[in-house]
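What follows is data-v2.txt (compact mmCIF, C-alpha atoms and all ligand atoms).
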# COMPACT_ATOMS: atom_id res chain seq x y z
CA MET B 16 14.95 -7.32 -1.89
CA SER B 17 15.32 -9.15 1.40
CA THR B 18 14.51 -12.82 1.30
CA GLY B 19 14.87 -15.60 3.81
CA GLU B 20 13.08 -17.45 6.55
CA SER B 21 11.32 -14.45 8.05
CA THR B 22 10.24 -12.64 4.89
CA ALA B 23 6.56 -11.83 4.54
CA VAL B 24 4.80 -10.49 1.45
CA VAL B 25 1.75 -8.31 2.02
CA VAL B 26 -0.20 -7.71 -1.17
CA GLY B 27 -2.34 -4.58 -0.99
CA GLY B 28 -0.15 -3.39 1.88
CA ALA B 29 -0.36 0.34 1.23
CA SER B 30 -3.70 0.97 2.95
CA GLY B 31 -6.22 -0.22 5.52
CA ILE B 32 -6.03 -3.86 6.57
CA GLY B 33 -2.90 -4.47 4.49
CA LEU B 34 -1.01 -1.60 6.07
CA ALA B 35 -2.02 -2.74 9.56
CA THR B 36 -0.78 -6.22 8.62
CA VAL B 37 2.57 -4.82 7.49
CA ARG B 38 2.95 -3.10 10.86
CA ALA B 39 1.88 -6.20 12.80
CA LEU B 40 4.34 -8.44 10.93
CA LEU B 41 7.16 -5.95 11.51
CA ALA B 42 6.38 -6.07 15.22
CA GLU B 43 6.83 -9.86 15.01
CA ASP B 44 10.32 -9.40 13.51
CA HIS B 45 9.45 -10.23 9.92
CA ARG B 46 10.99 -8.43 7.01
CA VAL B 47 8.12 -7.32 4.80
CA VAL B 48 7.69 -6.87 1.07
CA LEU B 49 4.92 -4.29 0.77
CA ALA B 50 3.35 -4.87 -2.66
CA ASP B 51 0.61 -2.67 -4.01
CA VAL B 52 -0.75 -1.20 -7.24
CA ASN B 53 -0.30 2.17 -5.54
CA ALA B 54 3.42 2.65 -6.23
CA GLU B 55 3.68 6.04 -4.59
CA GLY B 56 1.94 4.79 -1.45
CA ALA B 57 4.08 1.66 -1.23
CA GLN B 58 7.29 3.64 -1.58
CA ARG B 59 6.26 6.39 0.85
CA ILE B 60 5.13 3.94 3.54
CA ALA B 61 8.21 1.75 3.13
CA ALA B 62 10.41 4.83 3.56
CA GLU B 63 8.47 5.72 6.73
CA LEU B 64 8.66 2.23 8.21
CA GLY B 65 12.38 1.66 7.69
CA ASP B 66 14.72 -0.69 5.92
CA ARG B 67 12.95 -3.90 6.97
CA VAL B 68 10.19 -2.97 4.50
CA THR B 69 10.78 -3.32 0.76
CA PRO B 70 8.25 -1.68 -1.55
CA ALA B 71 7.10 -3.51 -4.68
CA VAL B 72 4.65 -2.52 -7.38
CA LEU B 73 2.17 -5.11 -8.56
CA ASP B 74 -1.32 -5.24 -9.99
CA VAL B 75 -2.98 -8.47 -8.93
CA THR B 76 -4.79 -8.60 -12.29
CA ASP B 77 -1.46 -8.55 -14.17
CA GLU B 78 0.15 -11.99 -13.99
CA ALA B 79 3.63 -10.84 -14.96
CA SER B 80 3.77 -8.33 -12.13
CA VAL B 81 2.49 -10.86 -9.59
CA ALA B 82 5.02 -13.44 -10.78
CA ALA B 83 7.89 -10.94 -10.57
CA VAL B 84 7.15 -10.04 -6.94
CA PHE B 85 7.02 -13.66 -5.78
CA GLU B 86 10.09 -14.66 -7.79
CA ALA B 87 12.01 -11.83 -6.13
CA ALA B 88 10.72 -12.90 -2.69
CA ALA B 89 11.38 -16.62 -3.24
CA GLY B 90 11.58 -18.47 0.05
CA ALA B 91 9.13 -16.20 1.86
CA ARG B 92 7.32 -17.89 4.72
CA THR B 93 4.30 -15.61 5.00
CA VAL B 94 1.94 -14.16 2.41
CA VAL B 95 -1.13 -12.07 3.17
CA ASN B 96 -3.27 -10.96 0.24
CA CYS B 97 -5.31 -7.89 1.11
CA ALA B 98 -5.85 -6.38 -2.36
CA GLY B 99 -9.51 -5.74 -3.03
CA LEU B 100 -12.13 -3.29 -4.21
CA SER B 101 -15.85 -3.16 -4.92
CA LEU B 102 -17.69 -1.38 -7.74
CA PRO B 103 -21.30 -1.64 -6.57
CA GLY B 104 -24.65 -1.36 -8.34
CA PRO B 105 -27.91 -3.29 -8.85
CA ILE B 106 -27.45 -6.28 -11.16
CA VAL B 107 -29.87 -4.95 -13.79
CA ASP B 108 -27.87 -1.72 -14.09
CA LEU B 109 -24.36 -2.99 -13.38
CA GLU B 110 -21.91 -2.26 -16.17
CA LEU B 111 -20.12 -5.40 -17.29
CA SER B 112 -16.83 -3.54 -16.97
CA ASN B 113 -17.54 -2.84 -13.29
CA TRP B 114 -18.47 -6.49 -12.67
CA ARG B 115 -15.27 -7.58 -14.40
CA THR B 116 -13.04 -5.18 -12.49
CA THR B 117 -14.41 -6.33 -9.13
CA VAL B 118 -14.13 -10.02 -10.01
CA ASP B 119 -10.70 -9.53 -11.61
CA VAL B 120 -9.19 -7.85 -8.57
CA CYS B 121 -10.91 -9.85 -5.83
CA LEU B 122 -11.13 -13.34 -7.34
CA THR B 123 -8.74 -13.63 -10.29
CA GLY B 124 -6.21 -11.56 -8.35
CA THR B 125 -6.42 -14.05 -5.49
CA PHE B 126 -5.91 -16.90 -7.95
CA LEU B 127 -2.79 -15.24 -9.36
CA VAL B 128 -1.39 -14.59 -5.89
CA LEU B 129 -2.01 -18.22 -4.90
CA LYS B 130 -0.47 -19.45 -8.15
CA HIS B 131 2.77 -17.51 -7.87
CA ALA B 132 3.05 -17.53 -4.10
CA GLY B 133 2.42 -21.28 -4.24
CA ARG B 134 5.34 -21.69 -6.65
CA HIS B 135 7.84 -19.61 -4.74
CA VAL B 136 7.16 -19.64 -0.99
CA ALA B 137 9.12 -21.95 1.28
CA ASP B 138 7.75 -25.35 2.17
CA GLY B 139 5.74 -24.95 5.37
CA ALA B 140 4.78 -21.34 4.56
CA SER B 141 1.44 -19.70 5.34
CA ILE B 142 -0.80 -17.91 2.84
CA VAL B 143 -3.72 -15.86 4.15
CA CYS B 144 -6.37 -14.41 1.84
CA ILE B 145 -8.65 -11.62 3.03
CA ALA B 146 -12.15 -12.57 1.89
CA SER B 147 -15.26 -10.92 3.38
CA LEU B 148 -18.45 -11.38 5.35
CA ASN B 149 -19.99 -10.91 1.88
CA GLY B 150 -18.49 -14.24 0.86
CA ARG B 151 -21.24 -15.89 2.89
CA GLN B 152 -23.79 -13.10 3.41
CA PRO B 153 -25.48 -11.47 0.37
CA GLY B 154 -25.80 -7.72 0.13
CA THR B 155 -27.97 -5.86 -2.37
CA GLY B 156 -25.90 -3.87 -4.83
CA LEU B 157 -22.83 -5.99 -4.15
CA ALA B 158 -23.24 -8.78 -6.73
CA GLY B 159 -19.71 -8.75 -8.09
CA TYR B 160 -18.11 -8.37 -4.67
CA CYS B 161 -20.25 -11.07 -3.03
CA ALA B 162 -19.73 -13.52 -5.89
CA ALA B 163 -15.99 -12.86 -5.99
CA LYS B 164 -15.52 -13.22 -2.24
CA ALA B 165 -17.57 -16.44 -2.15
CA GLY B 166 -15.22 -17.64 -4.87
CA VAL B 167 -12.21 -16.69 -2.77
CA LEU B 168 -13.44 -18.90 0.09
CA MET B 169 -13.65 -21.93 -2.21
CA LEU B 170 -10.36 -21.08 -3.91
CA VAL B 171 -8.67 -21.07 -0.49
CA GLU B 172 -10.04 -24.56 0.19
CA VAL B 173 -8.77 -25.91 -3.13
CA ALA B 174 -5.37 -24.28 -2.64
CA ALA B 175 -5.14 -25.72 0.89
CA LEU B 176 -5.70 -29.20 -0.53
CA GLU B 177 -3.17 -28.78 -3.33
CA LEU B 178 -0.39 -27.12 -1.32
CA ALA B 179 -0.65 -29.33 1.78
CA GLU B 180 1.86 -31.81 0.31
CA ARG B 181 4.52 -29.12 0.82
CA GLY B 182 3.21 -28.23 4.26
CA ILE B 183 1.93 -24.88 2.98
CA ARG B 184 -1.16 -23.73 4.86
CA VAL B 185 -3.81 -21.59 3.15
CA ASN B 186 -6.52 -19.85 5.16
CA ALA B 187 -9.00 -17.01 4.78
CA ILE B 188 -10.16 -14.22 7.03
CA SER B 189 -13.64 -12.87 6.42
CA PRO B 190 -13.94 -9.43 8.02
CA GLY B 191 -17.18 -7.60 8.57
CA LEU B 192 -17.23 -3.81 8.40
CA VAL B 193 -13.75 -2.47 9.17
CA ASP B 194 -12.98 1.24 9.22
CA THR B 195 -10.69 1.71 6.18
CA PRO B 196 -10.68 3.92 3.07
CA LEU B 197 -12.47 1.11 1.18
CA VAL B 198 -15.71 1.65 3.07
CA ALA B 199 -15.57 5.43 3.55
CA GLY B 200 -18.60 5.77 1.23
CA ILE B 201 -20.83 3.81 3.63
CA SER B 202 -20.94 6.68 6.09
CA LEU B 203 -22.30 8.95 3.33
CA VAL B 204 -25.49 6.85 3.01
CA PRO B 205 -27.94 7.83 5.78
CA GLY B 206 -28.86 4.96 8.08
CA LEU B 207 -26.58 2.41 6.45
CA THR B 208 -23.95 2.18 9.19
CA ALA B 209 -26.68 2.13 11.85
CA GLU B 210 -28.50 -0.72 10.08
CA TYR B 211 -25.23 -2.62 9.82
CA LEU B 212 -24.49 -2.19 13.52
CA GLU B 213 -28.06 -3.17 14.51
CA ASN B 214 -27.28 -6.48 12.82
CA THR B 215 -23.92 -6.86 14.57
CA PRO B 216 -24.28 -8.47 18.00
CA LEU B 217 -21.15 -6.75 19.35
CA ARG B 218 -22.51 -3.39 18.04
CA ARG B 219 -19.35 -1.96 16.56
CA SER B 220 -17.29 -2.00 13.40
CA GLY B 221 -13.84 -3.55 13.38
CA ARG B 222 -10.35 -2.09 13.42
CA ALA B 223 -7.78 -2.96 10.79
CA GLU B 224 -5.42 -4.00 13.59
CA GLU B 225 -7.86 -6.71 14.67
CA ILE B 226 -7.72 -8.29 11.21
CA ALA B 227 -3.94 -7.90 11.12
CA ASP B 228 -3.60 -9.69 14.48
CA ALA B 229 -5.58 -12.63 13.09
CA ALA B 230 -3.37 -12.71 9.98
CA VAL B 231 -0.29 -12.84 12.21
CA TYR B 232 -1.83 -15.67 14.23
CA LEU B 233 -2.70 -17.67 11.09
CA SER B 234 0.86 -17.16 9.85
CA SER B 235 2.43 -18.37 13.09
CA PRO B 236 3.29 -21.89 14.27
CA LYS B 237 0.40 -21.53 16.76
CA ALA B 238 -1.94 -22.09 13.79
CA GLY B 239 0.21 -24.93 12.48
CA TRP B 240 -2.70 -27.38 12.29
CA MET B 241 -5.05 -24.96 10.54
CA THR B 242 -5.53 -24.96 6.79
CA GLY B 243 -8.46 -24.54 4.43
CA SER B 244 -10.29 -22.60 7.14
CA THR B 245 -12.04 -19.26 7.32
CA LEU B 246 -11.95 -17.00 10.37
CA ASP B 247 -15.12 -14.90 10.62
CA LEU B 248 -14.11 -11.61 12.26
CA ASN B 249 -17.19 -9.43 12.34
CA GLY B 250 -18.56 -8.95 15.85
CA GLY B 251 -21.07 -11.72 15.16
CA ALA B 252 -22.58 -10.06 12.07
CA HIS B 253 -22.63 -13.38 10.21
CA LEU B 254 -25.31 -14.52 12.68
CA ARG B 255 -27.82 -11.95 11.42
CA ARG B 256 -28.33 -10.27 8.04
CA TYR B 257 -26.56 -7.76 5.86
CA PRO B 258 -28.13 -4.28 5.60
CA ASP B 259 -30.21 -3.51 2.52
CA VAL B 260 -27.65 -1.29 0.82
CA LEU B 261 -29.73 -0.58 -2.30
CA ALA B 262 -32.81 0.39 -0.28
CA ARG B 263 -30.71 2.88 1.70
CA VAL B 264 -29.15 4.33 -1.44
CA ARG B 265 -32.57 4.65 -3.12
CA ALA B 266 -34.04 6.32 -0.04
CA MET B 267 -31.25 8.87 -0.25
CA ALA B 268 -32.03 9.55 -3.93
CA GLU B 269 -35.82 9.75 -3.35
CA PRO B 270 -36.55 11.80 -0.21
CA PRO B 271 -39.95 11.07 1.38
CA ALA B 272 -42.88 13.07 -0.14
N1 LIG T 1 -12.86 -2.63 5.08
C1 LIG T 1 -13.83 -3.53 5.17
O1 LIG T 1 -14.90 -3.28 5.76
C2 LIG T 1 -13.64 -4.89 4.58
C3 LIG T 1 -14.58 -5.87 4.91
C4 LIG T 1 -14.43 -7.14 4.38
C5 LIG T 1 -13.38 -7.43 3.55
N2 LIG T 1 -12.48 -6.45 3.24
C6 LIG T 1 -11.40 -6.83 2.35
O2 LIG T 1 -10.17 -6.55 2.98
C7 LIG T 1 -9.19 -6.29 1.98
C8 LIG T 1 -8.48 -4.97 2.32
O3 LIG T 1 -9.44 -3.94 2.24
P1 LIG T 1 -9.28 -2.53 2.97
O4 LIG T 1 -10.55 -2.26 3.65
O5 LIG T 1 -8.02 -2.50 3.73
O6 LIG T 1 -9.22 -1.58 1.69
P2 LIG T 1 -8.22 -0.42 1.27
O7 LIG T 1 -8.86 0.21 0.09
O8 LIG T 1 -7.87 0.42 2.45
O9 LIG T 1 -6.90 -1.22 0.82
C9 LIG T 1 -6.89 -2.01 -0.33
C10 LIG T 1 -5.49 -2.01 -0.90
O10 LIG T 1 -5.49 -2.86 -2.06
C11 LIG T 1 -4.78 -2.21 -3.08
N3 LIG T 1 -5.23 -2.68 -4.38
C12 LIG T 1 -6.41 -2.43 -4.99
N4 LIG T 1 -6.43 -2.98 -6.20
C13 LIG T 1 -5.23 -3.60 -6.36
C14 LIG T 1 -4.66 -4.33 -7.42
N5 LIG T 1 -5.30 -4.51 -8.60
N6 LIG T 1 -3.41 -4.83 -7.25
C15 LIG T 1 -2.73 -4.62 -6.10
N7 LIG T 1 -3.22 -3.92 -5.07
C16 LIG T 1 -4.47 -3.41 -5.21
C17 LIG T 1 -5.09 -0.73 -2.88
O11 LIG T 1 -4.15 0.11 -3.55
C18 LIG T 1 -5.05 -0.61 -1.37
O12 LIG T 1 -3.74 -0.33 -0.90
C19 LIG T 1 -9.92 -6.28 0.64
O13 LIG T 1 -9.78 -7.54 0.02
C20 LIG T 1 -11.36 -6.06 1.05
O14 LIG T 1 -12.25 -6.59 0.09
C21 LIG T 1 -12.57 -5.19 3.74
Please rewrite the model in this file as structure tokens.
Ligand SMILES: NC(=O)c1ccc[n+]([C@@H]2O[C@H](COP(=O)([O-])OP(=O)(O)OC[C@H]3O[C@@H](n4cnc5c(N)ncnc54)[C@H](O)[C@@H]3O)[C@@H](O)[C@H]2O)c1
Amino acid sequence: MSTGESTAVVVGGASGIGLATVRALLAEDHRVVLADVNAEGAQRIAAELGDRVTPAVLDVTDEASVAAVFEAAAGARTVVNCAGLSLPGPIVDLELSNWRTTVDVCLTGTFLVLKHAGRHVADGASIVCIASLNGRQPGTGLAGYCAAKAGVLMLVEVAALELAERGIRVNAISPGLVDTPLVAGISLVPGLTAEYLENTPLRRSGRAEEIADAAVYLSSPKAGWMTGSTLDLNGGAHLRRYPDVLARVRAMAEPPA
């Protein structure tokens, strides 16, 4: 595996925002370790993108696999953690296992990435964690995801304090709705995307490349005085309210009489 001053590790790099971040970092002349639980995807994409991309398999909920990736990439100067998922449902019906999976991947996974990246990155490195608009804006049916992402925002602040003595900067990006496989289900719920966009001043969803560009900026010397911060990238959606996801899902299940 390539290591050195320009190595970046993108966790969750096989899809969506992570894949766009891999491409954006390559364009900035980084070598990239593309780490994902999706081994086939990581290997296929790395083969497509060329020999400056090294695939790695890791599950952010499995400490040994997270540790192994960061040990192998010791000295990396850039880490972007994009791994995430959401298993939705109303609190009163939400299976504990679904709550745990969401919190494990989004929150505990971020902790494990910070722990092992923090041990092995170079002094002066940058770590970026992809949080969410839902870290500050509640959405019905999204209890585990909202709670986990709110936790990520605080975790980033604590990590920024602890790692500052080595010059390591830790920041978060909180995207609003971005067109990726993660949110493909939203378009299946009538009216949900429209309600979201009505509450987005700039009236559109985001592109993965826009989040990737922000991750590149945060990882660059241009953001050298920025740590413990969150970039809200959502077309202004944080200024209004989140759509009522459960009401839309229930309306779909119970057509009007
Ligand atoms: N798409 C959006 O609208 C949106 C909005 C806000 C925040 N986010 C956040 O952005 C991040 C990227 O999401 P995306 O939209 O690109 O989703 P995505 O589903 O396209 O990509 C997520 C990637 O994470 C990987 N992953 C999932 N579980 C993992 C695990 N246990 N270990 C390692 N890798 C794992 C997946 O294999 C996939 O490659 C997530 O943290 C998500 O919560 C997305």
List all protein, DNA and RNA residues that have an atom no more than 8 Å from any atom of ligand LIG 1 (chain T), counting all atoms listed in the file, and report them as an MDAnalysis selection string. chainID B and resid 26:34 50:53 56 72:77 96:101 119:121 124 144:149 160 164 189:198 221 223
CA of Leu178 (chain B) and CA of Thr242 (chain B), how far apart in Å?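 The value is 9.8 Å.
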If I take CA of Leu248 (chain B) and CA of Leu122 (chain B), how far is one from the other in Å, to one decimal?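 Here the two named atoms are 19.9 Å from each other.
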Select, from B:Val171, B:Val24, B:Leu212, B:Ile188, the residue with the minimum atom-to-atom distance to Val94 (chain B), counting all atoms listed in the file.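 So, comparing all the options, the nearest one is B:Val24.
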Taking all atoms listed in the file into account, name the residue in B:Leu207, B:Ala227, B:Val143, B:Ala238 that is nearest to Val260 (chain B).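 Using all atoms listed in the file, the shortest distance to Val260 (chain B) belongs to B:Leu207.
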With distances taken over only C-alpha atoms, which of B:Leu176, B:Val204, B:Leu217, B:Leu40 is nearest to Ala268 (chain B)?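 Residue with the minimum atom-to-atom distance to Ala268 (chain B): B:Val204.
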Excluding Ala179 (chain B) and residues on its chain fewer than 3 positions from it, collect all residues at most 10 Å away from it, counting all atoms listed in the file, and give them as a PyMOL selection string. chain B and resi 138-139+174-176+182-185+242-243
Using all atoms listed in the file, which of the listed residues (B:Asp66, B:Asp247, B:Glu172, B:Glu78) sits closest to Leu41 (chain B)? B:Asp66
With distances taken over all atoms listed in the file, which of B:Gly251, B:Pro105, B:Pro216, B:Pro70 is nearest to Arg265 (chain B)? B:Pro105
For the atom pair CA of Ala62 (chain B) and CA of Ala91 (chain B), what is the interatomic distance in Å to one decimal place?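 Separation between CA of Ala62 (chain B) and CA of Ala91 (chain B): 21.1 Å.
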